[in-house]
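> One structure, pasted below without further comment.
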Amino acid sequence: MSRAKRKPVRSKRKLPPKRKRSHWLLKALFRLGIVTLLLWTVVALGYYAWALRFDLRTIHDMDERSVVYDYKGNFYSRLAGENRVVVPFDKVSNHFVNALISREDTRFYQHHGVDPIGVTRAVVRNLFLGGFREGASTITQQLARNSFPLGGKNFHRKLIEAALAFRIETELTKEEILEAYMNRIYFGSGTYGIEAASQTYFGKPASRLSLQEAAALAGLIRSPNRYSPLNNPQGALRERNTVLKRMHDLGLITLAQQNESSSEPLVTSPKTKTSPEDNWAMDAILRDLDMVLEPGQMDGGGLKIYTTIDGALQTASEASVSSRLREIEAQPGYPHPPAGSFDSQILDAEKSAPYLQAAVLAMDNSTGGIRAIVGGRDYGRSKFQRALFGRRQIGSTVKPFVYAEAFQRGLQPNERVNDDRLGPGEMPSKYGAYSPANSDGTYRGMQPSGEGLIDSRNTMTVRIGLRAGLDNVADAVIRAGLSVDPPRFPALCLGAFETNLKDLTAAYTVFATGGTKLQPYLIERVTDAEGHILYKATHGRLPVFESAATRQTTALLEEVIDRGTAARARELGLRGFAAGKTGTTNNFVDAWFLGFDQHLTCGVWVGFDQPRTIRPGGYGATLALPIWVDIIRVGKN
């Protein structure tokens with residue numbers, strides 16, 4: 001019996017348990033990765049869609065300061081607001097661009113808004129060090145959060161920031177990103193943007209920054225107040241050298257450049273102010289801006305305001321007013337409490353001060369530009385602008401206009417005029433019995449007419465005014481801008497009407513120019529951020545007197561200083577050509593001096609806001625002239 005063949009049976013081999021589990025785990029991880037990637041893709045798309053809601057055009061919209069320049073075109077002040085001057089990329093030193101990238105984002109030109117390598121490095125370091133020790137924000141991410149309201153410090157904000165940074169890199173060039181970033185960031189000391197920082201710390205435009213200066217500015221970005229060169233020179237020096245080393249490590253500068261720049265002292269320029277001026281000049285400038293610009297033109301900032309102010313003369317004028325008024329209050333017999341005896345309360349612009357005040361206005365003889373304006377002794381306590389709005393009787397300062405009108409109508413300076421009291425029949429009956437006295441109580445008989453102006457003789461001046469014709473004198477006062485409707489009676493010749501210091505000083509330019517009144521102004525021109533002219537001064541001129549009559553009057557006004565009522569000017573140190581006229585009103589209520597040299601016409605008033613006797617014998621030569629001399633002496637230098 002044969003035996004049947006049996007088919008071989010293949011046994012099923014079972015996989016080892018460990019290998020089966022790892023195969024399943026890989027599949028699970030792969031599927032989880034796909035799901036995670038899809039989820040992150042959805043999240044990324046969602047955040048990118050969110051990022052699309054922002055208007056990237058506003059990245060370049062920054063509050064920019066409006067800059068005020070002096071009469072030489074140098075920086076004088078700025079208007080309130082962020083201290084920023086926006087400049088294009090090509091107006092920034094390449095040293096700063098390289099220093100910025102070295103300090104803030106070394107892979108700026110390689111990434112597309114978010115730096116994966118930087119993120120990975122930051123995550124690893126934070127894991128090892130514990131906590132959140134190092135960030136990974138690129139320049140583009142910083143620009144995103146500085147330009148748009150993205151919320152607080154949380155993961156949600158970081159995702160929006162990253163998405164927005166990616167979008168910014170897609171729509172803007174690298175140079176546009178750097179330009180916006182450099183103009184937007186805060187550099188400490190109240191300055192925003194590289195141009196304002198360069199001007200504030202080093203007194204130069206950003207285009208001229210040296211290597212070591214650029215490194216210093218880049219070094220303070222992360223902690224502007226802590227590393228400010230003005231507040232912490234040693235800290236700023238240390239950060240500067242750190243940036244220089246980093247620039248060398250990246251191959252952006254040579255070792256020789258690093259060593260040379262690291263050894264240089266960090267010299268700042270504290271002359272440039274980081275905050276707006278708060279003084280009489282800026283007060284007047286702002287008032288004029290409101291008049292010459294259209295509503296809304298100042299709102300966006302970025303204006304360049306070229307003024308006629310001389311900063312050194314302005315400072316000297318304010319200092320003279322303050323010191324000379326203290327001298328008056330310290331004189332024996334001064335009958336009023338000095339300013340220091342009153343509390344330091346701040347008075348509003350309409351409230352009068354209870355202590356002695358003064359005002360100054362100085363104009364350029366060639367243009368009419370106001371070089372200095374002081375509206376009181378302390379702008380911080382009382383902001384009433386006495387130089388513009390304080391209307392007072394002008395007293396004897398009107399006399400040169402009386403004489404000029406008389407000279408124009410045929411009177412000669414050597415023609416003799418009676419200085420005695422006016423007698424019966426001399427005064428036309430329509431004016432009544434008017435007989436003014438001379439301030440010194442003396443009467444000299446017949447004198448050359450010019451002596452009446454040199455020594456400020458009241459009786460002679462009234463007679464000369466009557467000879468010229470009171471209507472003619474009144475018309476001359478109107479032409480000079482002293483009054484629109486002056487009184488047409490004899491007291492007109494002695495200044496028995498009111499005006500303000502600005503108009504009176506402008507009127508005196510008639511004698512400095514040979515017969516033409518200059519229109520006073522503070523704003524030379526205003527341009528917007530693009531350089532378009534918004535306003536330009538017209539330099540108004542108005543003929544008042546013929547040149548011959550003006551020369552005769554000016555010669556006498558020079559004698560006033562050399563030997564007349566203002567002869568004290570030479571004792572006070574005045575040298576060279578100068579001419580002017582004292583003025584004192586009844587009962588020594590107002591003290592004036594108006595005068596000029598080759599360059600400036602300047603007016604000074606001293607008195608109280610609520611009229612009262614300043615002091616017995618308080619003549620213009622005693623109280624106002626010293627301030628005038630101080631200012632003219634500075635103007636001559």
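Every chain in the structure tokens has a letter given in the order shown (A, B, ...), and although residue numbers restart at 1 in each chain, ligands are simply numbered from 1 in the order shown.
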So that I can see what lies close to A:Tyr521, please list as a ChimeraX atom specification the residues with an atom at most 9 Å from it, counting only C-alpha atoms and leaving out residues fewer than 2 positions away in the same chain.
/A:288,307-308,363,367-370,519,523-524,537,539
> Smallest atom-to-atom distance to A:Thr397: which of A:Ala214, A:Leu522, A:Leu557, A:Ala359, using only C-alpha atoms?
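The shortest atom-to-atom distance to A:Thr397 comes from A:Leu557.
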> Using DSSP on the backbone coordinates, identify all residues within stretch 289-383 of chain A classified as strand (DSSP E); present the result as a list in words.
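Taking stretch 289-383 of chain A and keeping strand (DSSP E) gives Lys304, Ile305, Tyr306, Thr307, Gln357, Ala358, Ala359, Val360, Leu361, Ala362, Met363, Asp364, Ile370, Arg371, Ala372, Ile373 and Val374 of chain A.
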> Generate the output file for the selected residues, C-alpha atoms, as a short mmCIF file (atom, residue, chain, number, x, y, z; two decimals), in the first residue's frame.

data_model
loop_
_atom_site.label_atom_id
_atom_site.label_comp_id
_atom_site.auth_asym_id
_atom_site.auth_seq_id
_atom_site.Cartn_x
_atom_site.Cartn_y
_atom_site.Cartn_z
CA LYS A 304 9.49 123.46 8.50
CA ILE A 305 8.89 126.89 10.02
CA TYR A 306 11.57 129.44 9.18
CA THR A 307 11.40 132.41 11.55
CA GLN A 357 6.90 144.17 34.39
CA ALA A 358 8.72 144.97 31.15
CA ALA A 359 8.43 144.18 27.46
CA VAL A 360 10.94 144.15 24.60
CA LEU A 361 10.73 143.94 20.84
CA ALA A 362 13.74 144.05 18.48
CA MET A 363 13.46 144.23 14.67
CA ASP A 364 15.94 143.84 11.83
CA ILE A 370 11.46 140.35 14.68
CA ARG A 371 14.75 139.18 16.20
CA ALA A 372 13.59 139.07 19.82
CA ILE A 373 10.32 139.51 21.68
CA VAL A 374 9.77 139.52 25.44
#
> What lies within 9 Å of A:Ser207 using only C-alpha atoms, ignoring chain neighbours under 4 positions off, as a list of chain:residue names?
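Listed by chain and then number, they are A:Asp90, A:Lys91, A:Val92, A:Ser93, A:Asn94, A:Glu195, A:Ser198.
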> Write the residues of the selection above to a file with C-alpha atoms, as a PDB file, in the first residue's frame.

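Once written, selection11.pdb looks like this:
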ATOM      1  CA  ASP A  90      19.356 107.243   1.267  1.00  0.00           C
ATOM      2  CA  LYS A  91      19.657 110.057   3.844  1.00  0.00           C
ATOM      3  CA  VAL A  92      20.875 107.664   6.544  1.00  0.00           C
ATOM      4  CA  SER A  93      24.519 106.711   6.958  1.00  0.00           C
ATOM      5  CA  ASN A  94      25.373 103.181   5.748  1.00  0.00           C
ATOM      6  CA  GLU A 195      17.294 111.800  12.157  1.00  0.00           C
ATOM      7  CA  SER A 198      21.337 111.989  15.350  1.00  0.00           C
TER       8      SER A 198
END
> What separation in Å, quoted to one decimal, exists between atom CA of A:Arg612 and atom CA of A:Arg392?
11.8 Å
> Tell me, as a ChimeraX atom specification, which residues lie within 8 Å of A:Arg421, counting only C-alpha atoms; anything in the same chain fewer than 5 positions away does not count.
/A:435-437,443,459
> Quick one: of A:Glu426, A:Asp378, A:Glu451, A:Asp343, who's nearest to A:Lys399, counting only C-alpha atoms?
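Going through A:Glu426, A:Asp378, A:Glu451, A:Asp343 one by one, the smallest distance to A:Lys399 is for A:Glu451.
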> In Å, rounded to a single decimal, give me how far atom CA of A:Gln598 is from atom CA of A:Ala476.
23.9 Å
